[in-house]
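Step one of this worksheet: look at the structure below.
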Amino acid sequence: QVQLVESGGGLVQAGESLRLSCTASGRTLSVYAMAWFRQAPGKEREFVAIRWSGGITYCADSMKGRFTISRDSAKNVVYLQMSSLKPEDTAVYYCAADTAASRSVARAVTPWVYDYWGQGTQVTVSS
């Protein structure tokens, strides 16, 4: 089992930055990829970014240039650095882990393939 705990959410104003953290524990060696999703009220869960084993990353087109995913291997923490935040970025942000050894983008953006999820952290961007 792998446990994921997100932190770093909060209330910010439009244009500001925020960094989310996802701390993994347990059988972390089984994890091949870590990703961030978000879900706004009344909307489906939306892919944000992924970091595959080896350091390759991919970010959703709508967030490229503003959001960056990274990892601190020593701490087993994955970060989501968000800048130039907009009110439409308001959502619950979730961390997810995939144990399948695949770098398929089609797979990466599909929520139900992930094996483990965190509880989520709320990000609210005011205008």
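If you're wondering about the labels, chains in the structure tokens are A, B, ... by order shown, residues count from 1 in each chain, ligands from 1 in order shown.
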
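Every protein or nucleic acid residue with an atom no more than 7 Å from Trp36 of chain A, counting only C-alpha atoms and leaving out same-chain residues fewer than 2 positions away, appears here: A:Arg38, A:Phe47, A:Val48, A:Ala49, A:Ile50, A:Tyr93, A:Tyr94, A:Cys95, A:Ala96.
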
How about saving the chosen residues, all heavy atoms kept, as a short mmCIF file (atom, residue, chain, number, x, y, z; two decimals), in the first residue's frame?
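Contents of the output file result-v9.cif:
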```cif
data_model
loop_
_atom_site.label_atom_id
_atom_site.label_comp_id
_atom_site.auth_asym_id
_atom_site.auth_seq_id
_atom_site.Cartn_x
_atom_site.Cartn_y
_atom_site.Cartn_z
N ARG A 38 -7.24 17.76 -10.45
CA ARG A 38 -8.05 18.71 -9.70
C ARG A 38 -9.50 18.50 -10.05
O ARG A 38 -9.84 17.99 -11.13
CB ARG A 38 -7.62 20.14 -9.99
CG ARG A 38 -7.92 20.62 -11.40
CD ARG A 38 -7.36 22.03 -11.61
NE ARG A 38 -7.74 22.58 -12.90
CZ ARG A 38 -7.32 23.76 -13.34
NH1 ARG A 38 -6.51 24.52 -12.60
NH2 ARG A 38 -7.70 24.20 -14.53
N PHE A 47 -7.06 16.22 -15.22
CA PHE A 47 -5.61 15.99 -15.15
C PHE A 47 -4.88 17.32 -15.15
O PHE A 47 -5.23 18.25 -15.90
CB PHE A 47 -5.15 15.16 -16.35
CG PHE A 47 -3.67 15.07 -16.51
CD1 PHE A 47 -2.93 14.20 -15.73
CD2 PHE A 47 -3.00 15.88 -17.42
CE1 PHE A 47 -1.55 14.12 -15.87
CE2 PHE A 47 -1.63 15.81 -17.57
CZ PHE A 47 -0.91 14.93 -16.79
N VAL A 48 -3.83 17.40 -14.32
CA VAL A 48 -3.02 18.61 -14.26
C VAL A 48 -1.60 18.33 -14.76
O VAL A 48 -1.14 18.95 -15.71
CB VAL A 48 -2.97 19.17 -12.82
CG1 VAL A 48 -2.02 20.36 -12.74
CG2 VAL A 48 -4.36 19.53 -12.33
N ALA A 49 -0.90 17.41 -14.11
CA ALA A 49 0.49 17.15 -14.48
C ALA A 49 0.91 15.80 -13.94
O ALA A 49 0.32 15.28 -13.00
CB ALA A 49 1.41 18.24 -13.94
N ILE A 50 1.97 15.26 -14.56
CA ILE A 50 2.49 13.96 -14.14
C ILE A 50 4.01 13.98 -14.19
O ILE A 50 4.62 14.69 -15.02
CB ILE A 50 1.94 12.81 -15.02
CG1 ILE A 50 2.35 11.45 -14.46
CG2 ILE A 50 2.41 12.96 -16.47
CD1 ILE A 50 1.64 10.27 -15.12
N TYR A 93 -7.38 19.84 -5.20
CA TYR A 93 -6.25 19.25 -5.91
C TYR A 93 -5.87 17.93 -5.25
O TYR A 93 -5.68 17.87 -4.04
CB TYR A 93 -5.07 20.22 -5.93
CG TYR A 93 -5.27 21.34 -6.93
CD1 TYR A 93 -6.19 22.35 -6.69
CD2 TYR A 93 -4.54 21.39 -8.11
CE1 TYR A 93 -6.40 23.36 -7.61
CE2 TYR A 93 -4.72 22.40 -9.04
CZ TYR A 93 -5.67 23.38 -8.79
OH TYR A 93 -5.87 24.40 -9.70
N TYR A 94 -5.78 16.91 -6.08
CA TYR A 94 -5.47 15.57 -5.60
C TYR A 94 -4.14 15.08 -6.16
O TYR A 94 -3.82 15.31 -7.34
CB TYR A 94 -6.55 14.58 -6.05
CG TYR A 94 -7.92 14.85 -5.48
CD1 TYR A 94 -8.84 15.63 -6.16
CD2 TYR A 94 -8.30 14.29 -4.26
CE1 TYR A 94 -10.10 15.86 -5.65
CE2 TYR A 94 -9.56 14.52 -3.73
CZ TYR A 94 -10.45 15.31 -4.44
OH TYR A 94 -11.70 15.53 -3.92
N CYS A 95 -3.44 14.34 -5.35
CA CYS A 95 -2.23 13.65 -5.75
C CYS A 95 -2.60 12.19 -6.02
O CYS A 95 -3.43 11.63 -5.30
CB CYS A 95 -1.22 13.75 -4.62
SG CYS A 95 0.33 12.90 -4.88
N ALA A 96 -1.98 11.60 -7.03
CA ALA A 96 -2.28 10.22 -7.38
C ALA A 96 -1.00 9.48 -7.76
O ALA A 96 -0.05 10.10 -8.26
CB ALA A 96 -3.27 10.16 -8.54
#
```

message = Let's see if you can do this: from backbone DSSP, list all strand (DSSP E) residues in segment 89-122 of chain A, as a ChimeraX atom specification.
response = /A:91-98,116-117,121-122

Given the selection you just returned, output its residues as a file containing N, CA and C atoms, formatted as a PDB file, in the first residue's frame.
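This is the output file again.pdb:
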```pdb
ATOM      1  N   ALA A  91     -10.229  24.717  -7.070  1.00  0.00           N
ATOM      2  CA  ALA A  91     -10.610  23.307  -7.095  1.00  0.00           C
ATOM      3  C   ALA A  91      -9.976  22.597  -5.906  1.00  0.00           C
ATOM      4  N   VAL A  92     -10.397  21.360  -5.716  1.00  0.00           N
ATOM      5  CA  VAL A  92      -9.675  20.469  -4.810  1.00  0.00           C
ATOM      6  C   VAL A  92      -8.597  19.783  -5.646  1.00  0.00           C
ATOM      7  N   TYR A  93      -7.379  19.840  -5.195  1.00  0.00           N
ATOM      8  CA  TYR A  93      -6.251  19.254  -5.909  1.00  0.00           C
ATOM      9  C   TYR A  93      -5.870  17.934  -5.250  1.00  0.00           C
ATOM     10  N   TYR A  94      -5.776  16.911  -6.077  1.00  0.00           N
ATOM     11  CA  TYR A  94      -5.475  15.567  -5.605  1.00  0.00           C
ATOM     12  C   TYR A  94      -4.143  15.082  -6.165  1.00  0.00           C
ATOM     13  N   CYS A  95      -3.441  14.342  -5.346  1.00  0.00           N
ATOM     14  CA  CYS A  95      -2.228  13.649  -5.749  1.00  0.00           C
ATOM     15  C   CYS A  95      -2.599  12.189  -6.016  1.00  0.00           C
ATOM     16  N   ALA A  96      -1.982  11.604  -7.031  1.00  0.00           N
ATOM     17  CA  ALA A  96      -2.277  10.221  -7.375  1.00  0.00           C
ATOM     18  C   ALA A  96      -1.000   9.483  -7.757  1.00  0.00           C
ATOM     19  N   ALA A  97      -1.004   8.183  -7.534  1.00  0.00           N
ATOM     20  CA  ALA A  97       0.162   7.353  -7.845  1.00  0.00           C
ATOM     21  C   ALA A  97      -0.242   6.185  -8.728  1.00  0.00           C
ATOM     22  N   ASP A  98       0.580   5.935  -9.732  1.00  0.00           N
ATOM     23  CA  ASP A  98       0.343   4.837 -10.678  1.00  0.00           C
ATOM     24  C   ASP A  98       1.517   3.859 -10.585  1.00  0.00           C
ATOM     25  N   TYR A 116      -3.544   4.769  -6.285  1.00  0.00           N
ATOM     26  CA  TYR A 116      -3.637   5.415  -4.977  1.00  0.00           C
ATOM     27  C   TYR A 116      -3.939   6.905  -5.140  1.00  0.00           C
ATOM     28  N   TRP A 117      -4.706   7.406  -4.171  1.00  0.00           N
ATOM     29  CA  TRP A 117      -5.097   8.818  -4.169  1.00  0.00           C
ATOM     30  C   TRP A 117      -4.920   9.400  -2.790  1.00  0.00           C
ATOM     31  N   THR A 121      -6.500  18.651  -1.385  1.00  0.00           N
ATOM     32  CA  THR A 121      -6.284  19.918  -0.690  1.00  0.00           C
ATOM     33  C   THR A 121      -6.966  21.028  -1.489  1.00  0.00           C
ATOM     34  N   GLN A 122      -7.687  21.872  -0.787  1.00  0.00           N
ATOM     35  CA  GLN A 122      -8.487  22.912  -1.445  1.00  0.00           C
ATOM     36  C   GLN A 122      -7.618  24.101  -1.839  1.00  0.00           C
TER      37      GLN A 122
END
```

key: Non-local contacts of segment 69-86 of chain A (10 Å; only C-alpha atoms; under 2 positions in same chain excluded) as number ranges by chain   = A: 4-8, 12-25, 28, 34-36, 48-51, 55-59, 63, 65-67, 88-90, 93, 95, 123-127

request  = Report as a PyMOL selection string: the residues of chain A with a DSSP assignment of helix (DSSP H, G or I), based on the backbone of this structure.
outcome  = chain A and resi 28-30+61-63+87-89+105-108+111-113

Residues of the last selection are to be written out with C-alpha atoms, as a short mmCIF file (atom, residue, chain, number, x, y, z; two decimals), in the first residue's frame.
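Output saved as selection_35.cif:
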```cif
data_model
loop_
_atom_site.label_atom_id
_atom_site.label_comp_id
_atom_site.auth_asym_id
_atom_site.auth_seq_id
_atom_site.Cartn_x
_atom_site.Cartn_y
_atom_site.Cartn_z
CA THR A 28 6.79 3.86 -2.62
CA LEU A 29 9.24 1.77 -4.66
CA SER A 30 6.22 0.31 -6.43
CA ASP A 61 -1.85 22.19 -22.22
CA SER A 62 -4.12 24.62 -20.41
CA MET A 63 -1.66 24.82 -17.53
CA PRO A 87 -10.15 32.09 -10.29
CA GLU A 88 -10.84 29.16 -12.63
CA ASP A 89 -7.99 27.27 -10.95
CA VAL A 105 -0.08 10.33 -22.03
CA ALA A 106 -3.46 8.78 -22.74
CA ARG A 107 -3.07 6.72 -19.61
CA ALA A 108 -1.71 9.61 -17.58
CA PRO A 111 -8.14 9.13 -13.41
CA TRP A 112 -9.34 5.57 -12.95
CA VAL A 113 -6.00 3.97 -13.85
#
```
